[in-house]
$ cat my_file34.cif   # mmCIF, C-alpha atoms
data_coords
#
loop_
_atom_site.label_atom_id
_atom_site.label_comp_id
_atom_site.auth_asym_id
_atom_site.auth_seq_id
_atom_site.Cartn_x
_atom_site.Cartn_y
_atom_site.Cartn_z
CA MET A 1 82.47 102.85 99.78
CA LYS A 2 84.94 101.55 97.19
CA ARG A 3 86.64 98.18 97.08
CA THR A 4 89.02 96.60 94.56
CA VAL A 5 88.77 92.97 93.46
CA SER A 6 91.53 91.27 91.50
CA ILE A 7 90.34 89.02 88.67
CA LYS A 8 92.79 86.58 87.10
CA LEU A 9 92.66 86.50 83.30
CA ASN A 10 93.34 83.47 81.13
CA PRO A 11 94.13 84.89 77.68
CA THR A 12 95.28 82.82 74.75
CA THR A 13 98.74 83.35 73.28
CA GLU A 14 97.41 85.73 70.64
CA GLN A 15 95.32 87.63 73.17
CA SER A 16 98.32 87.95 75.50
CA LYS A 17 100.36 89.46 72.65
CA ALA A 18 97.54 91.91 71.93
CA LEU A 19 97.42 92.97 75.58
CA GLU A 20 101.21 93.36 75.61
CA LYS A 21 101.10 95.64 72.56
CA LEU A 22 98.32 97.67 74.19
CA ARG A 23 100.38 98.08 77.37
CA ASN A 24 103.44 99.26 75.46
CA SER A 25 101.44 101.78 73.41
CA PHE A 26 99.55 103.00 76.46
CA ASN A 27 102.70 103.69 78.49
CA ALA A 28 104.34 105.32 75.46
CA ALA A 29 101.35 107.66 75.26
CA CYS A 30 101.69 108.45 78.96
CA ASN A 31 105.33 109.39 78.39
CA LEU A 32 104.22 111.70 75.57
CA ILE A 33 101.81 113.46 77.95
CA VAL A 34 104.35 113.99 80.75
CA PRO A 35 106.24 116.92 79.04
CA TYR A 36 102.97 118.85 78.72
CA THR A 37 102.35 118.31 82.42
CA VAL A 38 105.84 119.47 83.42
CA GLU A 39 106.00 122.52 81.14
CA ASN A 40 102.55 123.80 82.09
CA ARG A 41 102.52 122.59 85.71
CA CYS A 42 99.14 121.13 84.93
CA TRP A 43 97.70 117.89 86.27
CA ASN A 44 94.06 118.84 86.03
CA ARG A 45 92.42 116.24 83.84
CA VAL A 46 90.24 118.61 81.81
CA ALA A 47 92.91 121.28 81.33
CA LEU A 48 95.56 118.73 80.36
CA HIS A 49 93.13 117.17 77.88
CA HIS A 50 92.83 120.51 76.04
CA LEU A 51 96.63 120.90 76.04
CA CYS A 52 97.72 117.59 74.55
CA TYR A 53 94.83 115.41 73.37
CA TYR A 54 95.09 116.06 69.64
CA GLN A 55 98.92 115.95 69.62
CA VAL A 56 98.90 112.56 71.34
CA ARG A 57 96.19 111.23 69.01
CA GLU A 58 98.34 112.10 65.98
CA THR A 59 101.46 110.34 67.27
CA SER A 60 99.87 107.36 69.07
CA ASN A 61 97.97 104.37 67.70
CA LEU A 62 95.59 104.39 70.67
CA GLY A 63 91.91 105.09 70.27
CA SER A 64 90.30 108.28 71.50
CA GLN A 65 89.02 106.90 74.78
CA MET A 66 92.32 105.20 75.59
CA VAL A 67 94.12 108.52 75.11
CA CYS A 68 91.70 110.00 77.63
CA ASN A 69 92.56 107.15 79.99
CA ALA A 70 96.28 107.86 79.53
CA ILE A 71 95.69 111.52 80.43
CA HIS A 72 93.78 110.38 83.50
CA LYS A 73 96.62 108.08 84.56
CA VAL A 74 99.25 110.83 84.22
CA CYS A 75 97.12 113.28 86.23
CA SER A 76 96.59 110.68 88.97
CA ALA A 77 100.32 109.99 89.15
CA TYR A 78 101.12 113.68 89.69
CA LYS A 79 98.29 114.25 92.15
CA VAL A 80 99.68 111.52 94.38
CA LEU A 81 102.93 113.49 94.73
CA GLY A 82 101.09 116.35 96.46
CA LEU A 83 103.23 119.03 94.82
CA LYS A 84 103.02 122.63 96.01
CA LYS A 85 103.47 125.84 94.03
CA LYS A 86 107.17 126.22 94.87
CA ASP A 87 108.06 122.58 94.22
CA ASP A 88 109.75 121.54 91.00
CA VAL A 89 107.65 119.23 88.84
CA PRO A 90 109.54 115.97 88.34
CA VAL A 91 109.50 113.96 85.14
CA ILE A 92 107.67 110.70 85.76
CA ALA A 93 108.66 107.81 83.50
CA PHE A 94 106.05 105.17 82.70
CA LYS A 95 107.85 101.91 82.08
CA ASP A 96 106.65 99.17 79.76
CA LYS A 97 105.57 97.11 82.77
CA SER A 98 103.23 99.80 84.12
CA SER A 99 99.52 99.09 84.31
CA VAL A 100 96.87 100.08 81.76
CA HIS A 101 93.95 102.17 82.94
CA PHE A 102 90.47 101.13 81.75
CA ASP A 103 87.16 102.90 82.21
CA LYS A 104 83.62 101.66 81.63
CA ARG A 105 83.81 102.54 77.92
CA THR A 106 86.82 100.29 77.28
CA TYR A 107 85.76 97.07 79.02
CA THR A 108 82.62 95.01 79.52
CA ILE A 109 82.05 92.17 81.98
CA LYS A 110 80.24 89.26 80.34
CA ASP A 111 79.31 85.73 81.30
CA GLY A 112 82.09 84.26 79.18
CA GLY A 113 84.78 86.62 80.49
CA ILE A 114 85.78 90.27 80.11
CA SER A 115 85.69 92.15 76.80
CA LEU A 116 88.76 94.42 76.60
CA TYR A 117 89.83 97.11 74.19
CA THR A 118 93.00 96.40 72.17
CA LEU A 119 94.77 98.20 69.35
CA ASN A 120 93.00 96.15 66.63
CA LYS A 121 89.63 95.17 68.08
CA ARG A 122 87.96 94.12 71.29
CA ILE A 123 88.78 90.65 72.57
CA LEU A 124 86.83 88.46 74.97
CA VAL A 125 89.28 87.15 77.58
CA SER A 126 88.25 84.29 79.82
CA CYS A 127 88.78 84.86 83.53
CA GLN A 128 88.62 83.14 86.90
CA ILE A 129 86.05 84.70 89.20
CA GLY A 130 85.88 83.07 92.63
CA ASP A 131 83.12 83.21 95.21
CA PHE A 132 84.82 86.15 96.92
CA GLN A 133 84.79 88.24 93.75
CA LYS A 134 81.27 87.12 92.83
CA ALA A 135 79.93 88.28 96.19
CA TYR A 136 81.38 91.75 95.65
CA LEU A 137 80.26 91.94 92.01
CA LYS A 138 76.66 91.18 93.02
CA LYS A 139 76.40 94.02 95.53
CA GLY A 140 78.72 96.57 93.88
CA VAL A 141 78.76 98.73 90.75
CA ALA A 142 81.79 98.25 88.49
CA LYS A 143 83.84 101.40 87.92
CA GLU A 144 87.39 101.87 86.57
CA ALA A 145 90.04 99.17 86.46
CA GLU A 146 93.77 98.52 86.00
CA LEU A 147 95.22 95.83 83.76
CA ILE A 148 98.50 94.51 85.19
CA ARG A 149 100.85 91.62 84.54
CA LYS A 150 102.66 89.77 87.31
CA ARG A 151 105.01 86.90 86.56
CA ASN A 152 103.52 86.31 83.10
CA THR A 153 99.98 86.30 84.52
CA TRP A 154 97.42 88.99 83.65
CA TYR A 155 95.14 90.46 86.31
CA PHE A 156 92.21 92.86 86.01
CA ASN A 157 91.98 94.94 89.19
CA LEU A 158 88.40 96.20 89.18
CA VAL A 159 87.15 99.01 91.42
CA LEU A 160 83.62 98.54 92.77
CA ASP A 161 81.34 101.14 94.28
CA LEU A 162 79.59 99.44 97.21
CA PRO A 163 76.73 100.79 99.31
CA ASP A 164 77.85 102.27 102.60
CA PRO A 165 77.28 99.84 105.49
CA SER A 166 74.95 100.79 108.29
CA LYS A 167 76.84 102.21 111.25
CA THR A 168 76.83 100.35 114.54
CA GLU A 169 74.69 102.06 117.15
CA PRO A 170 76.98 104.04 119.48
CA ASN A 171 77.31 102.44 122.89
CA GLY A 172 80.53 104.03 124.16
CA LYS A 173 82.55 100.79 124.06
CA VAL A 174 86.06 101.19 122.64
CA LEU A 175 88.70 98.63 121.71
CA GLY A 176 92.20 100.11 122.11
CA ILE A 177 95.10 98.79 120.02
CA ASP A 178 98.78 99.13 120.91
CA MET A 179 101.27 98.30 118.16
CA GLY A 180 104.87 97.26 118.51
CA GLU A 181 107.66 95.10 117.17
CA ASN A 182 107.78 92.24 119.66
CA ASN A 183 103.98 92.12 119.77
CA LEU A 184 102.45 93.15 116.50
CA ALA A 185 99.19 94.32 118.07
CA THR A 186 97.72 94.15 121.58
CA THR A 187 94.10 94.88 122.37
CA SER A 188 92.65 96.42 125.51
CA ASN A 189 90.77 93.14 126.09
CA GLY A 190 94.13 91.46 126.68
CA THR A 191 94.58 89.71 123.32
CA ILE A 192 98.20 89.71 122.17
CA HIS A 193 99.16 89.13 118.54
CA GLY A 194 102.82 88.22 118.73
CA GLY A 195 105.32 89.50 116.20
CA GLY A 196 108.33 87.35 117.04
CA SER A 197 107.81 84.89 114.18
CA LEU A 198 107.30 87.70 111.68
CA ARG A 199 110.39 89.54 112.91
CA HIS A 200 112.43 86.34 112.57
CA GLN A 201 111.26 85.87 108.98
CA ARG A 202 112.09 89.47 108.09
CA ASP A 203 115.56 89.15 109.57
CA LYS A 204 116.11 86.02 107.48
CA TYR A 205 115.08 87.84 104.29
CA LEU A 206 117.34 90.77 105.16
CA ALA A 207 120.35 88.50 105.76
CA LEU A 208 119.64 86.61 102.52
CA ARG A 209 119.49 89.82 100.48
CA LYS A 210 122.75 91.04 101.99
CA ARG A 211 124.53 87.80 101.09
CA LEU A 212 123.18 87.77 97.54
CA GLN A 213 123.94 91.45 96.94
CA SER A 214 127.51 91.11 98.23
CA ASN A 215 128.10 88.03 96.06
CA GLY A 216 127.33 89.72 92.76
CA THR A 217 127.38 86.57 90.60
CA GLN A 218 124.84 85.83 87.88
CA SER A 219 123.24 83.02 89.88
CA SER A 220 122.94 85.23 92.97
CA LYS A 221 121.22 87.94 90.90
CA GLN A 222 118.77 85.36 89.56
CA LEU A 223 118.02 84.13 93.07
CA LEU A 224 117.67 87.73 94.31
CA LYS A 225 115.08 88.34 91.61
CA LYS A 226 113.30 85.13 92.55
CA VAL A 227 112.96 85.99 96.24
CA SER A 228 112.09 89.62 95.47
CA GLY A 229 108.74 90.56 96.94
CA LYS A 230 108.40 87.45 99.11
CA GLU A 231 108.94 89.42 102.31
CA SER A 232 106.40 92.11 101.46
CA ARG A 233 103.82 89.52 100.43
CA HIS A 234 104.34 87.59 103.67
CA VAL A 235 104.04 90.75 105.78
CA LYS A 236 100.91 91.78 103.88
CA HIS A 237 99.34 88.38 104.52
CA VAL A 238 100.09 88.56 108.25
CA ASN A 239 98.67 92.09 108.47
CA HIS A 240 95.50 90.95 106.72
CA VAL A 241 95.06 88.08 109.18
CA VAL A 242 95.74 90.22 112.27
CA SER A 243 93.51 93.07 111.13
CA ARG A 244 90.63 90.64 110.51
CA LEU A 245 91.06 89.13 113.99
CA ILE A 246 91.04 92.60 115.57
CA VAL A 247 87.87 93.67 113.77
CA ASN A 248 86.16 90.39 114.65
CA GLU A 249 87.15 90.87 118.30
CA ALA A 250 85.66 94.38 118.27
CA ILE A 251 82.40 92.99 116.86
CA ALA A 252 82.32 90.14 119.38
CA SER A 253 82.98 92.60 122.24
CA ASP A 254 80.10 94.82 121.04
CA CYS A 255 82.48 97.75 120.54
CA ASP A 256 81.48 100.56 118.22
CA THR A 257 84.94 102.17 118.00
CA ILE A 258 88.51 100.98 117.46
CA ALA A 259 91.22 103.29 118.82
CA LEU A 260 94.63 103.30 117.10
CA GLU A 261 97.87 105.17 117.72
CA SER A 262 98.69 108.20 115.62
CA LEU A 263 102.16 107.22 114.38
CA THR A 264 102.78 110.20 112.08
CA ASN A 265 106.52 110.89 111.60
CA ILE A 266 107.43 107.98 113.87
CA ARG A 267 110.38 107.05 111.64
CA GLN A 268 111.89 110.50 112.07
CA ARG A 269 111.53 110.20 115.85
CA ILE A 270 113.27 106.83 116.19
CA LYS A 271 116.63 107.16 117.94
CA ALA A 272 118.61 103.93 117.90
CA ASN A 273 121.64 102.33 116.31
CA LYS A 274 121.80 101.51 112.61
CA ARG A 275 120.74 97.87 112.99
CA VAL A 276 117.66 98.72 115.05
CA ARG A 277 116.73 101.62 112.77
CA SER A 278 116.99 99.36 109.73
CA ARG A 279 114.67 96.82 111.33
CA LEU A 280 112.10 99.37 112.55
CA HIS A 281 112.04 101.33 109.29
CA ARG A 282 111.00 98.15 107.49
CA TRP A 283 108.07 97.57 109.84
CA SER A 284 104.60 98.08 108.37
CA TRP A 285 102.48 99.58 111.14
CA TYR A 286 100.78 101.95 108.71
CA GLN A 287 99.72 99.09 106.44
CA LEU A 288 98.22 97.24 109.39
CA GLN A 289 96.33 100.36 110.45
CA GLN A 290 95.00 100.82 106.92
CA PHE A 291 93.80 97.21 106.83
CA ILE A 292 92.07 97.63 110.19
CA GLU A 293 90.48 100.88 109.02
CA TYR A 294 88.91 99.58 105.83
CA LYS A 295 87.76 96.31 107.44
CA ALA A 296 86.21 98.28 110.30
CA GLU A 297 84.48 100.58 107.82
CA GLU A 298 83.02 97.55 106.08
CA ALA A 299 81.69 96.30 109.43
CA GLY A 300 80.17 99.69 110.32
CA LEU A 301 82.69 100.47 113.08
CA ASN A 302 84.38 103.80 113.76
CA VAL A 303 88.17 104.19 113.83
CA VAL A 304 89.84 107.03 115.75
CA TYR A 305 93.51 107.94 116.24
CA VAL A 306 94.96 109.24 119.50
CA ASN A 307 98.29 110.67 120.54
CA PRO A 308 100.23 107.74 122.05
CA ALA A 309 102.55 109.90 124.16
CA TYR A 310 103.17 108.41 127.63
CA THR A 311 100.69 105.57 127.10
CA SER A 312 103.48 103.06 127.76
CA GLN A 313 104.60 104.84 130.96
CA THR A 314 101.22 105.68 132.50
CA CYS A 315 99.24 103.30 134.69
CA SER A 316 95.87 102.54 133.11
CA ASN A 317 94.28 102.11 136.57
CA CYS A 318 95.27 105.29 138.41
CA GLY A 319 97.03 107.44 135.81
CA SER A 320 100.35 107.60 137.66
CA ILE A 321 103.76 107.19 136.06
CA GLY A 322 104.92 103.62 136.56
CA GLN A 323 107.91 101.50 135.66
CA ARG A 324 108.22 99.34 132.56
CA SER A 325 110.66 96.45 132.32
CA LYS A 326 110.36 94.67 128.97
CA HIS A 327 106.83 93.18 128.99
CA ARG A 328 106.05 93.96 132.63
CA PHE A 329 104.52 97.21 133.85
CA SER A 330 104.25 97.97 137.55
CA CYS A 331 102.76 100.98 139.34
CA SER A 332 104.12 101.95 142.76
CA ASN A 333 101.09 104.16 143.44
CA CYS A 334 98.28 101.59 143.17
CA GLY A 335 100.32 98.39 143.06
CA SER A 336 99.00 97.36 139.66
CA GLN A 337 101.06 94.90 137.63
CA GLN A 338 100.15 94.27 134.00
CA HIS A 339 101.58 93.30 130.66
CA SER A 340 103.16 96.51 129.37
CA ASP A 341 101.46 96.36 125.96
CA VAL A 342 98.06 95.56 127.48
CA ASN A 343 98.50 98.52 129.81
CA ALA A 344 99.34 100.78 126.85
CA SER A 345 96.33 99.58 124.87
CA ARG A 346 94.05 100.27 127.84
CA ASN A 347 95.46 103.77 128.09
CA ILE A 348 94.67 104.30 124.41
CA CYS A 349 91.14 103.03 125.07
CA ARG A 350 90.81 105.31 128.12
CA LEU A 351 91.84 108.37 126.10
CA VAL A 352 88.95 107.86 123.69
CA GLU A 353 86.40 106.99 126.37
CA SER A 354 87.28 110.04 128.47
CA ALA A 355 87.57 112.47 125.56
CA ASP A 356 84.96 115.17 125.22
CA SER A 357 83.30 114.93 121.81
CA SER A 358 83.63 118.70 121.30
CA THR A 359 87.43 118.49 121.46
CA GLY A 360 87.72 116.09 118.53
CA GLN A 361 88.88 112.52 118.18
CA VAL A 362 92.57 113.05 118.94
CA THR A 363 93.37 114.21 122.47
CA ALA A 364 96.52 114.53 124.53
CA PRO A 365 96.87 111.93 127.30
CA TYR A 366 96.22 112.91 130.89
CA VAL A 367 99.28 112.21 133.03
CA ARG A 368 99.09 112.58 136.81
CA LEU A 369 102.31 112.42 138.78
CA ALA A 370 102.39 110.24 141.86
CA SER A 371 102.30 112.17 145.11
#
$ encode --input "my_file34.cif" --output "structure tokens"
Amino acid sequence: MKRTVSIKLNPTTEQSKALEKLRNSFNAACNLIVPYTVENRCWNRVALHHLCYYQVRETSNLGSQMVCNAIHKVCSAYKVLGLKKKDDVPVIAFKDKSSVHFDKRTYTIKDGGISLYTLNKRILVSCQIGDFQKAYLKKGVAKEAELIRKRNTWYFNLVLDLPDPSKTEPNGKVLGIDMGENNLATTSNGTIHGGGSLRHQRDKYLALRKRLQSNGTQSSKQLLKKVSGKESRHVKHVNHVVSRLIVNEAIASDCDTIALESLTNIRQRIKANKRVRSRLHRWSWYQLQQFIEYKAEEAGLNVVYVNPAYTSQTCSNCGSIGQRSKHRFSCSNCGSQQHSDVNASRNICRLVESADSSTGQVTAPYVRLAS
């Protein structure tokens, strides 16, 4: 299991200039490697190394291992694209603000800080390591890292290889999660994590960006740059908090599995007016699911995805098609009345509990029409 911890660096003025020069040279080397990747359609690390290593070493002031790291970074960037044989290979540009890739040969963690490779010599940069990072460093093995700079502050994002947690003994208990806009997440136990406050904040950011972009003055551009990223950081924080609460609820309920909705291609399936589409396309359900998944993995819980079709229209008690009016769901067959999102989450939970293990984790919902 791999985790990433972010360590804040406190370099001196001279050390900061050395790191800045390293970043510029590193990204320039990456841009030198890109043409070899495009011309040869090659993003295999070993093959690309044989194609361009010596040429890059002659034209760059980077050391041998840093050139290898640049080749690794270019290969990783192209692998993320998932290109197929018939696809054209795009030219990726590495800007001066891109991160610098380090491996275990180019950095060393010491008591006084972190020793980093630079163009002239290694420098020992002091850092701030909190209790959270210390706990991970004690139980994990340090691997590769990325040196980044945000708002004139340097960070060392270190990847740790942690031992896999022991899995919770299977007991058949499942916690179903229904996700939405009005309610960010609803569990099958009846817990509702509202999303009204978050939606209000996002609408405020959207309106502010529209006003600043339409203004076009120098001051508005400065303010637009200042507020840039605030929305995404706020949404990320809320998703972290909600995902932690959901995993803690699953542990407290003695559940061994968390069931989530498979929302693949949901943005292509949304049919609404422009304003609603704009709001829904900015929603981060996938990020919340990813946070739940890695936190559940750390706790030894399983995460499965199910097809959410008809889960909002089907009664979780009898399986009949009911009627949904905003947050109220009513079934004319059995007379059940529930919160619509709670009903949907219980349907998601029921799909996993009733699924045959031989058919896989994702199953189609069973829908029985009322007689």
$ atom_distance --input "my_file34.cif" --atom1 "atom CA of A:Leu223" --atom2 "atom CA of A:Arg202"
17.0 Å
$ residues_around --input "my_file34.cif" --residues "A:Lys2" --least-positions-apart "3" --cutoff "6 Å" --atoms "all atoms listed in the file" --output "VMD selection string"
chain A and resid 160 to 162
$ resolve_selection --input "my_file34.cif" --expression "the PyMOL selection byres ((chain A and resi 296) around 10)" --output "number ranges by chain"
A: 243-244, 246-248, 250-251, 256-258, 290-295, 297-303
$ closest_residue --input "my_file34.cif" --among "A:Leu51, A:Gln287, A:Gln222, A:Gly63" --to "A:His237" --atoms "all atoms listed in the file"
A:Gln287
$ closest_residue --input "my_file34.cif" --among "A:Leu124, A:Val46, A:Val159, A:Ile192" --to "A:His327" --atoms "only C-alpha atoms"
A:Ile192
$ resolve_selection --input "my_file34.cif" --expression "the PyMOL selection byres ((chain A and resi 139-156) around 6)" --output "PyMOL selection string"
chain A and resi 6-9+99-103+136-138+157-162
$ resolve_selection --input "my_file34.cif" --expression "the PyMOL selection byres ((chain A and resi 33) around 10)" --output "PyMOL selection string"
chain A and resi 27-32+34-38+48-49+51-53+55-56+67+70-71+73-75
$ atom_distance --input "my_file34.cif" --atom1 "atom CA of A:Thr108" --atom2 "atom CA of A:Lys121"
13.4 Å
$ atom_distance --input "my_file34.cif" --atom1 "atom CA of A:Leu119" --atom2 "atom CA of A:Ser76"
23.3 Å
$ axis_aligned_box --input "my_file34.cif" --around "stretch 306-314 of chain A" --padding-each-side "3 Å" --output "JSON"
{"center_x": 99.8, "center_y": 106.9, "center_z": 126.0, "size_x": 15.6, "size_y": 13.6, "size_z": 19.0}
$ residues_around --input "my_file34.cif" --residues "A:Leu198" --least-positions-apart "2" --cutoff "10 Å" --atoms "only C-alpha atoms" --output "list in words"
Glu181, Asn182, Asn183, Leu184, Gly194, Gly195, Gly196, His200, Gln201, Arg202, Asp203, Lys204, Glu231, His234, Val235 and Val238 of chain A
$ write_last_selection --input "my_file34.cif" --atoms "C-alpha atoms" --output "short mmCIF file (atom, residue, chain, number, x, y, z; two decimals), keeping the file's coordinate frame"
data_model
loop_
_atom_site.label_atom_id
_atom_site.label_comp_id
_atom_site.auth_asym_id
_atom_site.auth_seq_id
_atom_site.Cartn_x
_atom_site.Cartn_y
_atom_site.Cartn_z
CA GLU A 181 107.66 95.10 117.17
CA ASN A 182 107.78 92.24 119.66
CA ASN A 183 103.98 92.12 119.77
CA LEU A 184 102.45 93.15 116.50
CA GLY A 194 102.82 88.22 118.73
CA GLY A 195 105.32 89.50 116.20
CA GLY A 196 108.33 87.35 117.04
CA HIS A 200 112.43 86.34 112.57
CA GLN A 201 111.26 85.87 108.98
CA ARG A 202 112.09 89.47 108.09
CA ASP A 203 115.56 89.15 109.57
CA LYS A 204 116.11 86.02 107.48
CA GLU A 231 108.94 89.42 102.31
CA HIS A 234 104.34 87.59 103.67
CA VAL A 235 104.04 90.75 105.78
CA VAL A 238 100.09 88.56 108.25
#
$ closest_residue --input "my_file34.cif" --among "A:Phe329, A:Val304, A:Gln337, A:Gln133" --to "A:Thr4" --atoms "all atoms listed in the file"
A:Gln133
$ closest_residue --input "my_file34.cif" --among "A:Ser115, A:Cys331, A:Arg41, A:Asp164" --to "A:Asp87" --atoms "all atoms listed in the file"
A:Arg41
$ residues_near_point --input "my_file34.cif" --point "(92.6, 95.7, 129.2)" --cutoff "9 Å" --atoms "only C-alpha atoms" --output "list in words"
Leu175, Gly176, Thr187, Ser188, Asn189, Gly190, Thr191, Ser316, Val342, Asn343, Ala344, Ser345, Arg346, Asn347 and Cys349 of chain A
$ write_last_selection --input "my_file34.cif" --atoms "C-alpha atoms" --output "CSV table (one decimal), in the frame of the given file"
chain,number,residue,atom,x,y,z
A,175,LEU,CA,88.7,98.6,121.7
A,176,GLY,CA,92.2,100.1,122.1
A,187,THR,CA,94.1,94.9,122.4
A,188,SER,CA,92.6,96.4,125.5
A,189,ASN,CA,90.8,93.1,126.1
A,190,GLY,CA,94.1,91.5,126.7
A,191,THR,CA,94.6,89.7,123.3
A,316,SER,CA,95.9,102.5,133.1
A,342,VAL,CA,98.1,95.6,127.5
A,343,ASN,CA,98.5,98.5,129.8
A,344,ALA,CA,99.3,100.8,126.8
A,345,SER,CA,96.3,99.6,124.9
A,346,ARG,CA,94.0,100.3,127.8
A,347,ASN,CA,95.5,103.8,128.1
A,349,CYS,CA,91.1,103.0,125.1
$ residues_near_point --input "my_file34.cif" --point "(77.8, 101.2, 116.8)" --cutoff "7 Å" --atoms "all atoms listed in the file" --output "list of chain:residue names"
A:Lys167, A:Thr168, A:Glu169, A:Pro170, A:Asn171, A:Cys255, A:Asp256, A:Leu301
$ closest_residue --input "my_file34.cif" --among "A:Asn40, A:Thr59, A:Ser253, A:Ser320" --to "A:Asp88" --atoms "all atoms listed in the file"
A:Asn40
